[in-house]
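Note sheet for the following structure.
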Amino acid sequence: MGTYKNGPLGPFKGKIGPLFGYILRGKGVLRAAPHITKPRSIKQLAVQERMVVLSPFLNKIKKYLAVGFELSAIKNENSANNSAKSYNLKHAIKGEYPELEVDYSQARLTEGSLEIPQNARVEAVENGFKFSWDFDENGAGHPNDKTMLMAYFPELKSSTYMINGVGRHQGQEILEIHPALKGKTAETYMSFITDDRKAISNSVYTGSVTF
């Protein structure tokens, strides 16, 4: 360990190459980064592998998650991305290390207290996926809550989604899919969100559907 005086750019803090810099009692301190030779445990490798398995999915739907976990991020005092990862790392992975895979049926793409879609379902139609749900005028949920729809194609690692669809009271909405995706299978989800984005529902998994 060594100490140093501030240069023209101020004190060095952080890590560069093999060195760590920090301030200790008003003095700049340089310390060599620790050299870890101990092999990772199975538990550590399993945690690392969960992120490797989940990342291709979450990274392709970041914009959707940014809306879906915005309110949770405020509550948790972190980012939407971190909130989404935190939930899905715990709940959306199945199998035993090293045979891990995404459990799409348990994934959550939006999180909030708004009433979820009731009896949500999806079917392939000529130009995309038709999402349907039940609406009871005397039940919970506002008629003008808007739909959020997601179709993720694992084979292609691509997605098609809608943030601000029809109102809850309309009972169905079509998510248009590019014709080039004919024959491809998607994992599908839907949620509700208010126009002002101050409330959102948890997402509902609507199944694996082939276009």
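Each chain in the structure tokens gets a letter, A, B and so on, in the order shown; residues start at 1 in every chain, and ligands are counted from 1 in the order they appear.
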Non-local contacts of range 60-76 of chain A (6 Å; only C-alpha atoms; under 5 positions in same chain excluded) as a short mmCIF file (atom, residue, chain, number, x, y, z; two decimals) with N, CA, C and O atoms, in the first residue's frame:
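Heads up, here's the output in selection38.cif:
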data_model
loop_
_atom_site.label_atom_id
_atom_site.label_comp_id
_atom_site.auth_asym_id
_atom_site.auth_seq_id
_atom_site.Cartn_x
_atom_site.Cartn_y
_atom_site.Cartn_z
N SER A 83 -34.85 -3.90 -10.89
CA SER A 83 -36.05 -4.48 -10.28
C SER A 83 -36.53 -5.69 -11.08
O SER A 83 -36.91 -6.71 -10.50
N LEU A 109 -43.11 -9.29 -16.39
CA LEU A 109 -42.63 -8.19 -17.23
C LEU A 109 -43.14 -6.83 -16.80
O LEU A 109 -42.60 -5.81 -17.23
N THR A 110 -44.18 -6.81 -15.99
CA THR A 110 -44.68 -5.56 -15.41
C THR A 110 -45.07 -5.86 -13.97
O THR A 110 -45.44 -7.00 -13.64
N GLU A 111 -44.99 -4.85 -13.12
CA GLU A 111 -45.27 -5.09 -11.71
C GLU A 111 -46.00 -3.89 -11.11
O GLU A 111 -45.54 -2.75 -11.20
#
Alpha helix (DSSP H) positions in range 64-111 of chain A, given as a list in words: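 Matching residues, listed in order: Tyr64, Leu65, Ala66, Val67, Gly68, Glu70, Leu71, Ser72, Ala73, Ile74, Lys75, Asn76, Ala80, Asn81, Asn82, Ser83, Ala84, Lys85, Ser86, Tyr87, Asn88, Leu89, Lys90 and His91 of chain A.
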Exercise: Ala92 in chain A partners within 9 Å, only C-alpha atoms, chain neighbours under 5 positions left out, as an MDAnalysis selection string: chainID A and resid 54 87 101:108
Close residues, range 165-173 of chain A itself excluded, 7 Å, only C-alpha atoms, min 4 positions apart in chain, as a PyMOL selection string: chain A and resi 130-135+143-148
I need the residues from that last selection saved to file as a tab-separated table (two decimals), in the first residue's frame (with N, CA and C atoms), if you can.
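Result saved to result.tsv:
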chain	number	residue	atom	x	y	z
A	130	LYS	N	-54.23	-12.46	-31.34
A	130	LYS	CA	-55.40	-11.80	-30.76
A	130	LYS	C	-55.47	-12.14	-29.27
A	131	PHE	N	-55.33	-11.10	-28.45
A	131	PHE	CA	-55.45	-11.25	-27.01
A	131	PHE	C	-56.89	-10.94	-26.61
A	132	SER	N	-57.44	-11.76	-25.73
A	132	SER	CA	-58.80	-11.54	-25.24
A	132	SER	C	-58.82	-11.66	-23.72
A	133	TRP	N	-59.79	-11.02	-23.09
A	133	TRP	CA	-59.92	-11.06	-21.64
A	133	TRP	C	-61.37	-10.73	-21.28
A	134	ASP	N	-61.75	-11.01	-20.06
A	134	ASP	CA	-63.10	-10.71	-19.60
A	134	ASP	C	-63.13	-9.35	-18.92
A	135	PHE	N	-64.25	-8.65	-19.09
A	135	PHE	CA	-64.43	-7.37	-18.40
A	135	PHE	C	-65.82	-7.32	-17.79
A	143	PRO	N	-62.52	0.96	-16.88
A	143	PRO	CA	-62.73	0.62	-18.29
A	143	PRO	C	-61.66	1.16	-19.23
A	144	ASN	N	-61.05	2.29	-18.86
A	144	ASN	CA	-60.09	2.93	-19.75
A	144	ASN	C	-58.64	2.54	-19.49
A	145	ASP	N	-58.40	1.60	-18.57
A	145	ASP	CA	-57.04	1.07	-18.42
A	145	ASP	C	-56.60	0.52	-19.78
A	146	LYS	N	-55.36	0.80	-20.17
A	146	LYS	CA	-54.88	0.40	-21.49
A	146	LYS	C	-54.10	-0.92	-21.44
A	147	THR	N	-54.15	-1.65	-22.55
A	147	THR	CA	-53.45	-2.93	-22.61
A	147	THR	C	-51.98	-2.76	-22.94
A	148	MET	N	-51.16	-3.62	-22.35
A	148	MET	CA	-49.76	-3.80	-22.71
A	148	MET	C	-49.61	-5.25	-23.15
Among the residues A:Thr188, A:Asn88, A:Gln44, A:Asn202, the one that comes closest to Pro117 in chain A [using only C-alpha atoms]: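 Closest residue, counting only C-alpha atoms: A:Asn202.
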Nearest to Phe129 in chain A by atom-to-atom distance, counting only C-alpha atoms, from A:Val47, A:Leu149, A:Ile174, A:Ala84: A:Ile174
Backbone-only DSSP, strand (DSSP E) members of range 54-194 of chain A, as a ChimeraX atom specification: /A:93-96,99-102,118-125,128-134,146-153,158-162,172-176,185-193
